[in-house]
Amino acid sequence: MKAPRLLWLPVLALIFNAFTWGVSWWPFRQLQAQGLHPLWATALIYLLAVLFIGCWRPASWGQLWREPTLWVLVLASGSTNAAFNWAVTIGDVVRVVLLFYLMPLWAVLLARLLLRERLTPWAGVRVALALAGAAVVLWPQGGGWPVPHNLAESLGVFGGFAFALNNVMLRHQAHQPEMARALAMFLGGTVVAGALALALCAQGLVPVPPAPSPAWLAGALGLSALFLFSNLALQYGAARLSANVTAVVLVTEVLFAGVSAVLLGAGQLSTQLLVGGALIVCAALLSALDD
């Protein structure tokens, strides 16, 4: 009788991870209000986590350096975080999160390309549902093509693609030590977001970071600790639950993001958005059931 109860711990760990990402838009907006662009914030937050992991598990550096394919995870994770954090800071949170969850579409294609997984009828259904949901969400009121119409929506779609690549690479590199993979993911957030921030800053498109102040430094430190615990919770839960249960629990991020955004005025609900969102979530749930 004890075993089923113990499963609540990994489930709660995954819910904590989903909650962290679902409401992360709010602290990023608070940091931006203090003059810290989300790209600079992402680079700093993940740098603190990199330093912590590097000091706690110094052997992870050697493991990362000796395994070139882990650097694909660095780029995938870094692109995911840079795109998602920037998008939810400047756009409608509900729309961005839904577009981000087009992952089932990208996952099918990437798994076929990188893992040589065969395309099944269920995979085709997931792709069709994801495409239909995206079309409904993106369809403009005045007519036109259902494509991203602003930077936030484009970042949401790209972030979802990068996250699908991130997940495929995690499966591909499942034999690597846990801390080496965690280091690769956090290092990616620092390198990709930092490099992009520097490039855009040189062109005058991203402001220079403000002078250090206790307010935003404390916020960045707290958010870094939250993301670190969230990543460890994800790895703890995913290692103890089946892939389908893990995927279903993580979809609750959409719920956390949607409710928090609507309550705090960072997103709007409409019939069109609800219908498109339902199709996208169904595609994500089907991907879980097909694992």
# chains A, B, ... in the order shown; residues from 1 in each chain; ligands from 1
>>> select_by_dssp(residues="stretch 106-272 of chain A", states="helix (DSSP H, G or I)", output="ChimeraX atom specification")
/A:106-114,121-138,151-172,178-202,214-240,243-250,252-263,271-272
>>> write_last_selection(atoms="C-alpha atoms", output="tab-separated table (two decimals), in the first residue's frame")
chain	number	residue	atom	x	y	z
A	106	TRP	CA	8.21	19.38	-33.72
A	107	ALA	CA	8.88	16.32	-31.55
A	108	VAL	CA	7.43	13.96	-34.18
A	109	LEU	CA	9.64	15.45	-36.90
A	110	LEU	CA	12.80	15.61	-34.78
A	111	ALA	CA	12.35	12.11	-33.35
A	112	ARG	CA	12.08	10.80	-36.90
A	113	LEU	CA	15.16	12.74	-38.03
A	114	LEU	CA	17.44	12.26	-35.00
A	121	PRO	CA	-0.89	6.90	-37.31
A	122	TRP	CA	-1.12	8.45	-33.82
A	123	ALA	CA	1.84	10.67	-34.65
A	124	GLY	CA	-0.06	11.91	-37.72
A	125	VAL	CA	-3.09	12.67	-35.56
A	126	ARG	CA	-0.94	14.65	-33.13
A	127	VAL	CA	0.61	16.66	-35.95
A	128	ALA	CA	-2.83	17.40	-37.43
A	129	LEU	CA	-4.23	18.49	-34.06
A	130	ALA	CA	-1.21	20.70	-33.32
A	131	LEU	CA	-1.37	22.35	-36.75
A	132	ALA	CA	-5.13	22.90	-36.47
A	133	GLY	CA	-4.72	24.38	-33.00
A	134	ALA	CA	-1.96	26.71	-34.15
A	135	ALA	CA	-4.07	27.85	-37.11
A	136	VAL	CA	-7.01	28.65	-34.84
A	137	VAL	CA	-4.85	30.52	-32.31
A	138	LEU	CA	-3.01	32.53	-34.97
A	151	LEU	CA	7.97	39.06	-32.02
A	152	ALA	CA	6.45	37.38	-28.96
A	153	GLU	CA	4.45	34.88	-31.04
A	154	SER	CA	7.46	34.11	-33.24
A	155	LEU	CA	9.61	33.54	-30.16
A	156	GLY	CA	6.91	31.28	-28.70
A	157	VAL	CA	6.87	29.06	-31.80
A	158	PHE	CA	10.68	28.96	-32.02
A	159	GLY	CA	10.98	28.27	-28.29
A	160	GLY	CA	8.64	25.30	-28.63
A	161	PHE	CA	10.74	23.91	-31.48
A	162	ALA	CA	13.92	24.34	-29.41
A	163	PHE	CA	12.25	22.68	-26.42
A	164	ALA	CA	11.25	19.69	-28.57
A	165	LEU	CA	14.88	19.42	-29.69
A	166	ASN	CA	15.93	19.73	-26.05
A	167	ASN	CA	13.66	16.83	-25.05
A	168	VAL	CA	14.79	14.66	-27.96
A	169	MET	CA	18.43	15.29	-27.01
A	170	LEU	CA	17.70	14.43	-23.37
A	171	ARG	CA	16.40	11.06	-24.56
A	172	HIS	CA	19.38	10.68	-26.88
A	178	GLU	CA	22.31	13.69	-14.49
A	179	MET	CA	24.45	16.62	-13.35
A	180	ALA	CA	26.30	16.76	-16.69
A	181	ARG	CA	22.97	17.15	-18.47
A	182	ALA	CA	21.81	19.75	-15.94
A	183	LEU	CA	25.05	21.69	-16.39
A	184	ALA	CA	24.62	21.60	-20.17
A	185	MET	CA	21.07	22.96	-19.90
A	186	PHE	CA	21.96	25.82	-17.54
A	187	LEU	CA	25.15	26.66	-19.43
A	188	GLY	CA	23.03	26.93	-22.57
A	189	GLY	CA	20.80	29.51	-20.93
A	190	THR	CA	23.84	31.59	-20.04
A	191	VAL	CA	25.73	31.27	-23.34
A	192	VAL	CA	22.85	31.66	-25.81
A	193	ALA	CA	20.97	34.40	-23.95
A	194	GLY	CA	24.20	36.23	-23.12
A	195	ALA	CA	25.54	36.09	-26.69
A	196	LEU	CA	22.21	37.24	-28.12
A	197	ALA	CA	21.96	40.06	-25.58
A	198	LEU	CA	25.48	41.24	-26.45
A	199	ALA	CA	24.80	41.15	-30.20
A	200	LEU	CA	21.50	43.04	-29.91
A	201	CYS	CA	22.97	45.49	-27.41
A	202	ALA	CA	25.74	46.36	-29.89
A	214	PRO	CA	19.82	45.19	-4.17
A	215	ALA	CA	16.29	44.91	-5.60
A	216	TRP	CA	17.00	43.31	-8.97
A	217	LEU	CA	20.06	41.39	-7.77
A	218	ALA	CA	17.97	39.77	-5.03
A	219	GLY	CA	15.25	39.00	-7.57
A	220	ALA	CA	17.74	37.41	-9.96
A	221	LEU	CA	19.30	35.34	-7.17
A	222	GLY	CA	15.90	34.12	-5.99
A	223	LEU	CA	14.79	33.23	-9.52
A	224	SER	CA	18.07	31.40	-10.13
A	225	ALA	CA	17.53	29.26	-7.02
A	226	LEU	CA	13.93	28.60	-8.08
A	227	PHE	CA	14.96	27.44	-11.57
A	228	LEU	CA	17.72	25.26	-10.11
A	229	PHE	CA	15.31	23.49	-7.74
A	230	SER	CA	12.79	23.26	-10.56
A	231	ASN	CA	15.30	21.50	-12.83
A	232	LEU	CA	16.28	19.08	-10.07
A	233	ALA	CA	12.59	18.42	-9.37
A	234	LEU	CA	12.05	17.67	-13.08
A	235	GLN	CA	14.91	15.19	-13.16
A	236	TYR	CA	13.75	13.58	-9.88
A	237	GLY	CA	10.17	13.17	-11.06
A	238	ALA	CA	10.95	12.10	-14.62
A	239	ALA	CA	13.36	9.42	-13.38
A	240	ARG	CA	10.68	7.81	-11.21
A	243	ALA	CA	7.29	9.07	-19.79
A	244	ASN	CA	3.56	9.31	-20.45
A	245	VAL	CA	2.73	10.29	-16.85
A	246	THR	CA	5.56	12.84	-16.87
A	247	ALA	CA	4.29	14.46	-20.08
A	248	VAL	CA	0.70	14.64	-18.83
A	249	VAL	CA	1.72	16.29	-15.55
A	250	LEU	CA	3.96	18.83	-17.28
A	252	THR	CA	-0.32	21.60	-16.32
A	253	GLU	CA	2.11	24.43	-17.10
A	254	VAL	CA	-0.50	25.68	-19.57
A	255	LEU	CA	-3.05	25.84	-16.74
A	256	PHE	CA	-0.71	27.66	-14.36
A	257	ALA	CA	0.37	30.14	-17.03
A	258	GLY	CA	-3.16	30.78	-18.30
A	259	VAL	CA	-4.78	31.30	-14.90
A	260	SER	CA	-1.98	33.49	-13.54
A	261	ALA	CA	-1.83	35.60	-16.73
A	262	VAL	CA	-5.60	36.19	-16.86
A	263	LEU	CA	-5.80	37.02	-13.14
A	271	THR	CA	-13.47	31.51	-27.74
A	272	GLN	CA	-10.95	31.31	-30.57
>>> closest_residue(among="A:Trp65, A:Tyr46, A:Tyr101, A:Trp8", to="A:Asn81", atoms="only C-alpha atoms")
A:Tyr46
>>> atom_distance(atom1="atom CA of A:Pro207", atom2="atom CA of A:Gln34")
11.8 Å
>>> atom_distance(atom1="atom CA of A:Asn85", atom2="atom CA of A:Ala18")
14.5 Å
>>> atom_distance(atom1="atom CA of A:Ala266", atom2="atom CA of A:Val93")
6.0 Å
